[in-house]
$ cat work03.csv   # CSV, C-alpha atoms and all ligand atoms
chain,number,residue,atom,x,y,z
A,1057,LYS,CA,17.7,-28.4,7.2
A,1058,LYS,CA,16.2,-25.4,8.9
A,1059,GLY,CA,13.9,-23.3,6.7
A,1060,LEU,CA,13.3,-19.6,5.8
A,1061,SER,CA,12.1,-17.1,8.3
A,1062,ARG,CA,8.4,-16.5,8.8
A,1063,ARG,CA,9.1,-13.0,7.6
A,1064,VAL,CA,10.0,-14.0,4.1
A,1065,ARG,CA,8.1,-17.3,3.6
A,1066,ASP,CA,5.0,-15.6,2.2
A,1067,LEU,CA,6.7,-12.6,0.7
A,1068,LYS,CA,6.3,-12.2,-3.0
A,1069,PRO,CA,8.5,-10.1,-5.2
A,1070,SER,CA,7.1,-6.8,-6.3
A,1071,PRO,CA,4.5,-7.5,-9.0
A,1072,THR,CA,5.1,-4.2,-10.8
A,1073,LEU,CA,8.8,-4.8,-11.1
A,1074,ALA,CA,8.1,-8.4,-12.2
A,1075,VAL,CA,5.8,-7.3,-15.1
A,1076,ASN,CA,8.3,-4.7,-16.2
A,1077,ALA,CA,11.1,-7.3,-16.2
A,1078,LYS,CA,8.9,-9.7,-18.2
A,1079,ALA,CA,8.2,-6.9,-20.7
A,1080,LYS,CA,11.9,-6.0,-21.0
A,1081,ALA,CA,12.8,-9.7,-21.5
A,1082,LEU,CA,10.2,-10.2,-24.3
A,1083,ARG,CA,11.5,-7.0,-26.0
A,1084,ALA,CA,15.1,-8.2,-25.8
A,1085,LYS,CA,13.9,-11.4,-27.6
A,1086,GLY,CA,12.7,-9.2,-30.4
A,1087,VAL,CA,8.9,-9.3,-29.6
A,1088,ASP,CA,7.2,-6.2,-30.9
A,1089,LEU,CA,5.8,-5.3,-27.5
A,1090,VAL,CA,4.1,-2.1,-26.2
A,1091,ASN,CA,5.1,-1.6,-22.6
A,1092,LEU,CA,2.4,0.3,-20.7
A,1093,SER,CA,3.7,-1.1,-17.4
A,1094,ALA,CA,6.5,1.3,-16.6
A,1095,GLY,CA,6.8,2.6,-13.1
A,1096,GLU,CA,9.3,5.3,-14.0
A,1097,PRO,CA,9.6,8.3,-16.3
A,1098,ASP,CA,10.9,7.4,-19.8
A,1099,PHE,CA,13.0,10.6,-19.7
A,1100,ASP,CA,16.7,10.7,-19.1
A,1101,THR,CA,18.1,12.3,-15.9
A,1102,PRO,CA,18.7,16.0,-16.8
A,1103,GLU,CA,22.2,16.8,-18.0
A,1104,PHE,CA,23.1,19.2,-15.2
A,1105,ILE,CA,22.3,16.6,-12.6
A,1106,LYS,CA,24.5,14.0,-14.3
A,1107,GLU,CA,27.3,16.6,-14.4
A,1108,ALA,CA,27.0,17.2,-10.6
A,1109,ALA,CA,27.4,13.5,-10.1
A,1110,CYS,CA,30.5,13.3,-12.4
A,1111,LYS,CA,32.0,16.2,-10.6
A,1112,ALA,CA,31.4,14.4,-7.3
A,1113,ILE,CA,33.3,11.4,-8.6
A,1114,GLU,CA,36.1,13.5,-10.0
A,1115,GLU,CA,36.5,15.3,-6.7
A,1116,GLY,CA,36.7,12.0,-4.8
A,1117,PHE,CA,33.4,12.5,-3.1
A,1118,THR,CA,33.2,8.7,-2.9
A,1119,ARG,CA,33.3,7.8,0.8
A,1120,TYR,CA,30.8,7.3,3.6
A,1121,THR,CA,28.8,10.3,4.4
A,1122,PRO,CA,26.9,10.8,7.7
A,1123,VAL,CA,24.1,8.2,7.9
A,1124,PRO,CA,21.2,10.7,7.6
A,1125,GLY,CA,22.8,12.4,4.6
A,1126,ILE,CA,25.1,15.4,3.9
A,1127,PRO,CA,24.0,18.6,5.7
A,1128,GLU,CA,23.5,20.6,2.6
A,1129,LEU,CA,21.1,18.1,1.1
A,1130,ARG,CA,19.1,17.8,4.3
A,1131,GLU,CA,18.9,21.6,4.3
A,1132,ALA,CA,17.8,21.7,0.7
A,1133,ILE,CA,15.1,19.1,1.4
A,1134,ALA,CA,13.8,21.2,4.4
A,1135,GLN,CA,13.8,24.2,2.1
A,1136,LYS,CA,11.9,22.4,-0.6
A,1137,ILE,CA,9.2,21.5,1.9
A,1138,LYS,CA,9.0,25.0,3.1
A,1139,ALA,CA,8.7,26.4,-0.4
A,1140,HIS,CA,6.1,23.9,-1.6
A,1141,TYR,CA,4.1,23.3,1.6
A,1142,GLY,CA,4.9,26.3,3.8
A,1143,LEU,CA,6.1,23.9,6.5
A,1144,SER,CA,9.2,24.6,8.7
A,1145,TYR,CA,11.4,21.6,9.4
A,1146,THR,CA,15.0,21.7,10.6
A,1147,PRO,CA,17.6,19.7,8.7
A,1148,ASP,CA,17.7,17.4,11.7
A,1149,SER,CA,14.2,16.4,10.9
A,1150,VAL,CA,15.3,15.0,7.5
A,1151,LEU,CA,16.7,11.5,6.8
A,1152,VAL,CA,18.2,10.9,3.4
A,1153,THR,CA,17.5,7.3,2.3
A,1154,SER,CA,18.2,5.0,-0.6
A,1155,GLY,CA,14.9,5.8,-2.3
A,1156,GLY,CA,11.4,6.6,-1.1
A,1157,LYS,CA,10.8,2.9,-0.6
A,1158,GLN,CA,13.5,2.7,2.0
A,1159,ALA,CA,12.1,5.8,3.7
A,1160,ILE,CA,8.8,4.0,4.0
A,1161,PHE,CA,10.4,0.9,5.2
A,1162,ASN,CA,12.5,2.7,7.9
A,1163,ALA,CA,9.5,4.7,9.1
A,1164,VAL,CA,7.3,1.6,9.4
A,1165,ALA,CA,10.1,-0.4,11.1
A,1166,ALA,CA,10.6,2.4,13.6
A,1167,LEU,CA,7.0,2.6,14.6
A,1168,VAL,CA,5.1,-0.7,14.0
A,1169,GLU,CA,5.2,-3.5,16.5
A,1170,GLU,CA,4.0,-7.1,16.2
A,1171,GLU,CA,0.2,-7.1,15.8
A,1172,ASP,CA,0.0,-3.3,15.3
A,1173,GLU,CA,-2.5,-2.3,12.6
A,1174,VAL,CA,-1.7,0.0,9.7
A,1175,ILE,CA,-4.6,1.4,7.7
A,1176,ILE,CA,-3.9,1.3,3.9
A,1177,LEU,CA,-6.3,2.7,1.3
A,1178,SER,CA,-7.1,0.5,-1.6
A,1179,PRO,CA,-6.1,0.7,-4.5
A,1180,TYR,CA,-2.7,1.0,-2.8
A,1181,TRP,CA,0.9,1.0,-4.0
A,1182,VAL,CA,2.0,-2.6,-4.1
A,1183,SER,CA,4.7,-2.4,-1.5
A,1184,TYR,CA,2.7,-1.0,1.5
A,1185,PRO,CA,1.1,-4.2,2.7
A,1186,PRO,CA,4.3,-6.3,2.5
A,1187,ILE,CA,6.4,-3.6,4.2
A,1188,VAL,CA,3.9,-3.6,7.1
A,1189,GLU,CA,3.9,-7.4,7.2
A,1190,ILE,CA,7.7,-7.7,7.2
A,1191,CYS,CA,7.7,-5.4,10.3
A,1192,GLY,CA,5.2,-7.8,12.0
A,1193,GLY,CA,2.2,-5.4,11.6
A,1194,ARG,CA,-1.2,-6.1,10.1
A,1195,PRO,CA,-2.4,-4.2,7.1
A,1196,VAL,CA,-6.1,-3.1,7.5
A,1197,VAL,CA,-7.3,-2.3,4.0
A,1198,VAL,CA,-10.0,0.3,3.4
A,1199,ASN,CA,-11.7,-0.1,0.0
A,1200,THR,CA,-13.1,2.4,-2.3
A,1201,SER,CA,-14.3,2.3,-5.9
A,1202,GLU,CA,-14.1,4.0,-9.2
A,1203,GLU,CA,-17.6,5.4,-8.8
A,1204,LYS,CA,-16.4,7.2,-5.6
A,1205,GLY,CA,-13.5,8.7,-7.5
A,1206,PHE,CA,-11.2,6.2,-5.7
A,1207,GLU,CA,-11.4,8.3,-2.5
A,1208,PRO,CA,-12.7,6.2,0.5
A,1209,SER,CA,-15.4,7.7,2.7
A,1210,LEU,CA,-14.2,9.0,6.0
A,1211,SER,CA,-16.7,6.8,7.8
A,1212,ALA,CA,-15.1,3.8,6.2
A,1213,VAL,CA,-11.7,4.9,7.5
A,1214,ALA,CA,-13.2,5.6,10.9
A,1215,GLU,CA,-14.6,2.1,11.0
A,1216,ALA,CA,-11.2,0.7,10.3
A,1217,VAL,CA,-9.7,2.4,13.3
A,1218,SER,CA,-9.1,0.2,16.4
A,1219,PRO,CA,-7.1,0.6,19.6
A,1220,ARG,CA,-4.3,-1.2,17.8
A,1221,THR,CA,-4.2,1.3,14.9
A,1222,LYS,CA,-0.7,2.7,14.8
A,1223,MET,CA,-0.5,4.4,11.4
A,1224,ILE,CA,-2.3,5.2,8.3
A,1225,ILE,CA,-0.5,5.4,4.9
A,1226,ILE,CA,-1.7,8.0,2.4
A,1227,ASN,CA,-0.5,8.4,-1.2
A,1228,SER,CA,-1.6,11.4,-3.2
A,1229,PRO,CA,-1.3,11.7,-6.2
A,1230,SER,CA,-1.8,8.0,-6.2
A,1231,ASN,CA,-0.1,5.1,-7.8
A,1232,PRO,CA,-2.1,3.4,-9.4
A,1233,THR,CA,-5.1,5.7,-9.9
A,1234,GLY,CA,-3.5,9.2,-10.4
A,1235,VAL,CA,-6.1,10.5,-7.9
A,1236,VAL,CA,-5.4,13.5,-5.7
A,1237,LEU,CA,-7.2,13.1,-2.5
A,1238,SER,CA,-9.5,16.0,-1.5
A,1239,PRO,CA,-8.5,18.5,1.2
A,1240,GLU,CA,-11.7,17.6,3.1
A,1241,PHE,CA,-10.7,13.9,3.1
A,1242,LEU,CA,-7.2,14.6,4.3
A,1243,LYS,CA,-8.4,17.0,7.0
A,1244,GLY,CA,-10.8,14.3,8.1
A,1245,VAL,CA,-8.0,11.8,8.3
A,1246,ALA,CA,-5.9,14.3,10.4
A,1247,HIS,CA,-8.8,14.7,12.9
A,1248,LEU,CA,-9.1,10.9,13.2
A,1249,ALA,CA,-5.4,10.6,13.9
A,1250,LEU,CA,-5.6,13.2,16.6
A,1251,GLU,CA,-8.7,11.7,18.1
A,1252,HIS,CA,-7.5,8.1,18.1
A,1253,ASP,CA,-3.8,8.8,18.5
A,1254,PHE,CA,-2.1,7.2,15.5
A,1255,TYR,CA,0.6,8.3,13.0
A,1256,ILE,CA,0.3,9.3,9.4
A,1257,LEU,CA,2.7,8.5,6.7
A,1258,THR,CA,2.2,10.6,3.6
A,1259,ASP,CA,3.9,9.3,0.5
A,1260,ASP,CA,4.2,12.5,-1.6
A,1261,ILE,CA,6.5,10.9,-4.3
A,1262,TYR,CA,4.3,12.2,-7.2
A,1263,ASP,CA,3.5,15.6,-5.6
A,1264,LEU,CA,5.1,17.7,-8.4
A,1265,ILE,CA,3.7,15.6,-11.2
A,1266,ARG,CA,0.4,17.3,-11.2
A,1267,PHE,CA,-1.9,18.4,-14.1
A,1268,ASP,CA,-4.3,20.7,-12.3
A,1269,GLY,CA,-1.7,23.5,-11.9
A,1270,ARG,CA,-2.5,23.7,-8.1
A,1271,ALA,CA,0.3,24.0,-5.5
A,1272,PRO,CA,0.8,20.6,-3.8
A,1273,PHE,CA,-0.8,20.1,-0.4
A,1274,ASN,CA,-0.6,17.2,2.1
A,1275,VAL,CA,-2.2,16.3,5.4
A,1276,VAL,CA,0.2,18.4,7.4
A,1277,SER,CA,0.0,21.5,5.3
A,1278,LEU,CA,-3.8,21.3,5.6
A,1279,GLU,CA,-3.8,20.5,9.4
A,1280,PRO,CA,-0.5,21.5,11.0
A,1281,LYS,CA,-1.7,20.0,14.3
A,1282,VAL,CA,-0.6,16.6,13.0
A,1283,MET,CA,2.9,17.7,12.3
A,1284,ASP,CA,4.3,15.8,15.4
A,1285,ARG,CA,2.6,12.6,14.2
A,1286,THR,CA,3.2,12.7,10.5
A,1287,LEU,CA,6.1,11.4,8.4
A,1288,ILE,CA,6.6,12.7,4.9
A,1289,VAL,CA,8.1,10.5,2.2
A,1290,ASN,CA,9.5,11.8,-1.1
A,1291,GLY,CA,12.5,11.5,-3.4
A,1292,VAL,CA,14.0,12.4,-6.7
A,1293,SER,CA,13.1,9.1,-8.5
A,1294,LYS,CA,10.0,10.3,-10.3
A,1295,THR,CA,10.3,14.1,-10.2
A,1296,TYR,CA,13.8,14.2,-11.8
A,1297,ALA,CA,13.7,10.9,-13.7
A,1298,MET,CA,16.3,9.4,-11.3
A,1299,THR,CA,14.8,6.0,-10.4
A,1300,GLY,CA,18.2,4.3,-10.7
A,1301,TRP,CA,20.0,6.7,-8.4
A,1302,ARG,CA,18.1,5.4,-5.4
A,1303,LEU,CA,17.7,8.6,-3.5
A,1304,GLY,CA,14.7,9.6,-1.3
A,1305,TRP,CA,14.0,11.1,2.1
A,1306,LEU,CA,11.9,10.9,5.2
A,1307,VAL,CA,10.9,14.1,7.0
A,1308,GLY,CA,9.0,14.4,10.3
A,1309,PRO,CA,9.4,14.8,14.0
A,1310,GLU,CA,13.1,14.7,14.9
A,1311,GLU,CA,12.7,11.9,17.4
A,1312,LEU,CA,11.0,9.6,14.9
A,1313,VAL,CA,13.4,10.5,12.1
A,1314,LYS,CA,16.4,9.8,14.5
A,1315,ALA,CA,14.8,6.4,15.2
A,1316,ALA,CA,14.5,5.6,11.5
A,1317,SER,CA,18.1,6.8,11.0
A,1318,ARG,CA,19.2,4.2,13.7
A,1319,ILE,CA,17.6,1.5,11.7
A,1320,GLN,CA,19.3,2.8,8.6
A,1321,SER,CA,22.7,3.0,10.4
A,1322,GLN,CA,22.5,-0.8,11.1
A,1323,SER,CA,21.4,-1.8,7.7
A,1324,THR,CA,22.5,0.3,4.6
A,1325,SER,CA,24.2,3.3,6.2
A,1326,ASN,CA,24.2,6.5,4.1
A,1327,ALA,CA,22.5,6.8,0.7
A,1328,CYS,CA,25.1,6.8,-2.2
A,1329,SER,CA,27.4,9.8,-1.8
A,1330,ILE,CA,27.3,10.6,-5.5
A,1331,SER,CA,23.5,10.3,-5.7
A,1332,GLN,CA,23.3,12.8,-2.8
A,1333,LYS,CA,25.3,15.3,-4.7
A,1334,ALA,CA,23.1,14.7,-7.8
A,1335,ALA,CA,20.0,15.1,-5.7
A,1336,LEU,CA,21.3,18.4,-4.3
A,1337,ALA,CA,21.9,19.7,-7.8
A,1338,ALA,CA,18.3,18.5,-8.8
A,1339,LEU,CA,16.7,20.4,-5.9
A,1340,LEU,CA,18.8,23.6,-6.2
A,1341,GLY,CA,19.1,23.8,-10.0
A,1342,PRO,CA,16.6,24.9,-12.7
A,1343,GLN,CA,13.3,23.2,-12.7
A,1344,ASP,CA,12.6,23.5,-16.4
A,1345,SER,CA,13.1,19.8,-17.2
A,1346,LEU,CA,10.5,18.9,-14.6
A,1347,LYS,CA,8.0,21.5,-16.0
A,1348,GLU,CA,8.6,20.1,-19.5
A,1349,MET,CA,8.2,16.5,-18.4
A,1350,VAL,CA,4.8,17.4,-16.7
A,1351,LYS,CA,3.7,19.1,-19.9
A,1352,VAL,CA,4.5,16.0,-21.9
A,1353,PHE,CA,2.8,13.7,-19.4
A,1354,ARG,CA,-0.3,15.8,-19.6
A,1355,ARG,CA,-0.5,15.5,-23.3
A,1356,ARG,CA,0.0,11.8,-23.2
A,1357,ARG,CA,-2.6,11.5,-20.4
A,1358,ASP,CA,-5.2,13.3,-22.6
A,1359,LEU,CA,-4.3,11.1,-25.5
A,1360,MET,CA,-4.6,7.9,-23.5
A,1361,VAL,CA,-7.9,8.9,-21.9
A,1362,SER,CA,-9.5,9.8,-25.2
A,1363,LEU,CA,-8.4,6.6,-26.9
A,1364,LEU,CA,-9.5,4.5,-23.9
A,1365,LEU,CA,-12.9,6.1,-23.8
A,1366,GLU,CA,-13.4,5.0,-27.4
A,1367,ILE,CA,-13.4,1.4,-26.3
A,1368,PRO,CA,-16.9,0.2,-25.5
A,1369,GLU,CA,-17.6,-0.7,-21.8
A,1370,ILE,CA,-14.3,0.7,-20.5
A,1371,SER,CA,-14.5,3.4,-17.9
A,1372,CYS,CA,-11.7,5.5,-16.6
A,1373,LEU,CA,-11.1,8.4,-14.3
A,1374,VAL,CA,-8.9,11.2,-15.6
A,1375,PRO,CA,-5.7,11.2,-13.5
A,1376,MET,CA,-4.8,14.4,-11.8
A,1377,GLY,CA,-1.2,13.5,-11.1
A,1378,SER,CA,1.4,10.7,-11.5
A,1379,PHE,CA,1.8,9.0,-14.8
A,1380,TYR,CA,-0.7,6.2,-14.4
A,1381,MET,CA,-4.3,5.5,-15.0
A,1382,PHE,CA,-6.5,2.8,-13.7
A,1383,PRO,CA,-9.3,1.9,-16.1
A,1384,ASN,CA,-12.1,-0.5,-15.3
A,1385,PHE,CA,-12.0,-3.6,-17.5
A,1386,SER,CA,-14.5,-5.7,-15.5
A,1387,ALA,CA,-17.2,-5.5,-18.1
A,1388,TYR,CA,-15.1,-7.9,-20.1
A,1389,TYR,CA,-14.6,-10.4,-17.3
A,1390,GLY,CA,-16.5,-13.6,-17.8
A,1391,ARG,CA,-15.9,-13.5,-21.6
A,1392,GLN,CA,-13.6,-15.8,-23.3
A,1393,ALA,CA,-11.1,-16.3,-26.1
A,1394,GLY,CA,-10.1,-19.7,-27.4
A,1395,GLY,CA,-11.9,-21.4,-24.5
A,1396,GLN,CA,-9.9,-19.4,-22.0
A,1397,VAL,CA,-12.2,-17.4,-19.6
A,1398,ILE,CA,-11.0,-14.0,-18.5
A,1399,ASP,CA,-11.9,-14.3,-14.8
A,1400,GLY,CA,-10.2,-11.2,-13.4
A,1401,SER,CA,-7.4,-8.7,-13.8
A,1402,LEU,CA,-4.6,-11.3,-13.8
A,1403,ALA,CA,-6.1,-13.2,-16.7
A,1404,MET,CA,-6.9,-10.0,-18.5
A,1405,ALA,CA,-3.3,-8.7,-18.2
A,1406,ASP,CA,-2.0,-12.1,-19.4
A,1407,TYR,CA,-4.5,-12.0,-22.3
A,1408,LEU,CA,-3.4,-8.5,-23.3
A,1409,LEU,CA,0.3,-9.6,-23.1
A,1410,GLU,CA,-0.3,-12.7,-25.2
A,1411,GLU,CA,-2.9,-11.5,-27.7
A,1412,ALA,CA,-2.3,-7.7,-27.9
A,1413,ARG,CA,1.4,-7.8,-27.1
A,1414,VAL,CA,0.8,-5.0,-24.5
A,1415,ALA,CA,2.3,-5.2,-21.1
A,1416,CYS,CA,0.3,-3.7,-18.2
A,1417,VAL,CA,-0.2,-4.4,-14.5
A,1418,PRO,CA,-3.2,-6.3,-13.2
A,1419,GLY,CA,-5.2,-4.3,-10.7
A,1420,VAL,CA,-5.2,-7.1,-8.2
A,1421,ALA,CA,-1.6,-6.2,-7.4
A,1422,PHE,CA,-3.0,-2.9,-6.0
A,1423,GLY,CA,-5.9,-4.6,-4.2
A,1424,GLU,CA,-8.5,-3.8,-6.9
A,1425,ASP,CA,-9.3,-6.6,-9.3
A,1426,THR,CA,-11.8,-4.7,-11.5
A,1427,CYS,CA,-9.0,-2.5,-13.0
A,1428,ILE,CA,-5.8,-2.6,-15.0
A,1429,ARG,CA,-2.9,-0.1,-14.5
A,1430,LEU,CA,-1.7,1.6,-17.6
A,1431,SER,CA,1.3,3.8,-17.5
A,1432,PHE,CA,1.7,6.8,-19.9
A,1433,ALA,CA,5.4,7.1,-19.2
A,1434,THR,CA,6.0,6.2,-22.8
A,1435,SER,CA,5.7,7.9,-26.2
A,1436,GLU,CA,2.5,9.0,-27.9
A,1437,GLU,CA,3.1,6.6,-30.7
A,1438,GLU,CA,3.4,3.7,-28.3
A,1439,ILE,CA,0.3,4.8,-26.4
A,1440,GLU,CA,-1.7,5.0,-29.7
A,1441,LYS,CA,-0.4,1.6,-30.8
A,1442,GLY,CA,-1.0,0.0,-27.3
A,1443,ILE,CA,-4.5,1.2,-26.9
A,1444,THR,CA,-5.5,0.3,-30.4
A,1445,ARG,CA,-4.1,-3.2,-29.8
A,1446,ILE,CA,-6.0,-3.5,-26.6
A,1447,LYS,CA,-9.2,-2.4,-28.3
A,1448,GLU,CA,-8.7,-5.0,-31.0
A,1449,ALA,CA,-7.9,-7.8,-28.5
A,1450,LEU,CA,-11.0,-6.9,-26.4
A,1451,ALA,CA,-13.2,-7.1,-29.5
A,1452,LYS,CA,-12.2,-10.7,-30.0
A,1453,LEU,CA,-13.6,-11.8,-26.6
A,1454,SER,CA,-17.0,-13.4,-26.7
B,1,LIG,N1,5.8,5.4,-3.4
B,1,LIG,C1,5.1,5.2,-4.5
B,1,LIG,C2,3.7,5.4,-4.5
B,1,LIG,C3,5.7,4.7,-5.7
B,1,LIG,O1,5.0,4.5,-6.8
B,1,LIG,C4,7.1,4.4,-5.7
B,1,LIG,C5,7.8,3.9,-6.9
B,1,LIG,O2,7.2,3.3,-7.7
B,1,LIG,C6,7.8,4.7,-4.5
B,1,LIG,C7,7.1,5.2,-3.4
B,1,LIG,C8,9.3,4.4,-4.3
B,1,LIG,O3,10.1,5.1,-5.2
B,1,LIG,P1,11.7,5.1,-5.0
B,1,LIG,O4,12.1,4.1,-4.0
B,1,LIG,O5,12.3,4.9,-6.3
B,1,LIG,O6,12.0,6.5,-4.5

$ encode --input "work03.csv" --output "structure tokens"
Amino acid sequence: KKGLSRRVRDLKPSPTLAVNAKAKALRAKGVDLVNLSAGEPDFDTPEFIKEAACKAIEEGFTRYTPVPGIPELREAIAQKIKAHYGLSYTPDSVLVTSGGKQAIFNAVAALVEEEDEVIILSPYWVSYPPIVEICGGRPVVVNTSEEKGFEPSLSAVAEAVSPRTKMIIINSPSNPTGVVLSPEFLKGVAHLALEHDFYILTDDIYDLIRFDGRAPFNVVSLEPKVMDRTLIVNGVSKTYAMTGWRLGWLVGPEELVKAASRIQSQSTSNACSISQKAALAALLGPQDSLKEMVKVFRRRRDLMVSLLLEIPEISCLVPMGSFYMFPNFSAYYGRQAGGQVIDGSLAMADYLLEEARVACVPGVAFGEDTCIRLSFATSEEEIEKGITRIKEALAKLS
């Protein structure tokens, strides 16, 4: 019997979705579990967005749409980028996708050839390396560390560039660290891309979940010379608490976006017609729910940081965006409980699940074994309970 393709043989399911599924299953069994692994807002989609979707169904807006999306949504996305970043894109430069993840996939598939190299900054979002690999490319990981604020040095990025470099993937604010990359770093990356002729994919999915009150910026708004070699990814999943609606977009040079659209036309066709109407309402409607959500996330962040810093030997950067933090647990590695040695983030996350009944994601999934990702997309009570339990479980290690 012939086997699986090379493409899928070594492909593992997304570890973040797996942890979340395990946590949900334990809860369903009645285990009193604190889930700090969520990759999505715990808020419900705002009512007016749901109403727009209901209206779309009632009006029979239930058929295929153009593959790149309905014109009014493409227009609204272009306007959003103009309003937030001051960048002018035509609606033809916008491809509406089934989530930001598909936007990344289509962009990589449209550009990356066998053996092409794609620079990825670690800690990275879990899906970047596998997406590059599925498309036949080679991820080239540039490491950084907590002491450096999880921003790599430009010289490390420059060293990773080779004649085969086709693209760099940037994510700011970052999942898993919550770090916003500095304008100096982003400008430096832009200049490297111009000098060495490679593309930039900027994943801006958390751009409006920011706690510093500053307007969002990305590599193109800082250095417009890279506009013709940059692809912007975003979507409604995080900003409008719409993860299940599967609606995102890719924005960039028309020729590249058209190429990505051809891939989409031969795979999934248009994003869900109803979700497109919902996303249109989200972008054009009042932004109060978003503002309120960011306020709540900020309070929870402050709570989680202050509780974490009470635990001896844990260090943690204060996230500037997203709803994650990435504390360093490595001082506890090498210690043991009941004969079991905690030898890294996987063992630590397992221990915290078993002993503390707290679900979190091991840093190794993001390419950084010293840390554990904790999500504050949950209530203050759960955060308090979760971090207290972690503290007690860590104190039992010897
Ligand atoms: N990019 C980053 C950094 C993410 O964290 C996520 C979701 O977890 C995505 C992209 C994809 O989001 P979606 O496909 O729901 O739009």

$ residues_near_ligand --input "work03.csv" --ligand "ligand LIG 1 (chain B)" --cutoff "8 Å" --atoms "all atoms listed in the file" --output "count of residues only"
31

$ closest_residue --input "work03.csv" --among "A:Leu1067, A:Ala1271, A:Val1090, A:Ala1327" --to "A:Gly1442" --atoms "all atoms listed in the file"
A:Val1090

$ closest_residue --input "work03.csv" --among "A:Glu1207, A:Asp1148, A:Glu1115, A:Asp1098" --to "A:Leu1177" --atoms "all atoms listed in the file"
A:Glu1207

$ closest_residue --input "work03.csv" --among "A:Arg1391, A:Arg1285, A:Lys1078, A:Arg1063" --to "A:Thr1258" --atoms "all atoms listed in the file"
A:Arg1285

$ residues_around --input "work03.csv" --residues "A:Ala1214" --least-positions-apart "2" --cutoff "12 Å" --atoms "all atoms listed in the file" --output "PyMOL selection string"
chain A and resi 1175+1196+1198+1208-1212+1216-1219+1221+1224+1241+1244-1249+1251-1252

$ atom_distance --input "work03.csv" --atom1 "atom CA of A:Glu1107" --atom2 "atom CA of A:Val1352"
24.0 Å

$ atom_distance --input "work03.csv" --atom1 "atom CA of A:Ala1109" --atom2 "atom CA of A:Pro1122"
18.0 Å

$ atom_distance --input "work03.csv" --atom1 "atom CA of A:Leu1408" --atom2 "atom CA of A:Ser1183"
24.0 Å

$ closest_residue --input "work03.csv" --among "A:Ala1316, A:Ala1132, A:Ile1330, A:Ala1094" --to "A:Phe1432" --atoms "only C-alpha atoms"
A:Ala1094

$ residues_around --input "work03.csv" --residues "A:Ile1439" --least-positions-apart "4" --cutoff "12 Å" --atoms "only C-alpha atoms" --output "ChimeraX atom specification"
/A:1089-1093,1353,1355-1364,1414-1416,1430-1435,1443-1446

$ residues_around --input "work03.csv" --residues "A:Asp1172" --least-positions-apart "4" --cutoff "7 Å" --atoms "only C-alpha atoms" --output "list in words"
Val1168, Gly1193, Arg1194, Arg1220, Thr1221 and Lys1222 of chain A

$ residues_around --input "work03.csv" --residues "A:Ala1166" --least-positions-apart "4" --cutoff "8 Å" --atoms "only C-alpha atoms" --output "short mmCIF file (atom, residue, chain, number, x, y, z; two decimals) with C-alpha atoms, in the coordinates of the input"
data_model
loop_
_atom_site.label_atom_id
_atom_site.label_comp_id
_atom_site.auth_asym_id
_atom_site.auth_seq_id
_atom_site.Cartn_x
_atom_site.Cartn_y
_atom_site.Cartn_z
CA ASN A 1162 12.50 2.70 7.90
CA LEU A 1312 11.00 9.60 14.90
CA ALA A 1315 14.80 6.40 15.20
CA ALA A 1316 14.50 5.60 11.50
CA ILE A 1319 17.60 1.50 11.70
#

$ closest_residue --input "work03.csv" --among "A:Met1283, A:Ile1187, A:Leu1264, A:Leu1129" --to "A:Val1064" --atoms "all atoms listed in the file"
A:Ile1187

$ closest_residue --input "work03.csv" --among "A:Lys1447, A:Lys1204, A:Arg1429, A:Lys1106" --to "A:Thr1072" --atoms "all atoms listed in the file"
A:Arg1429
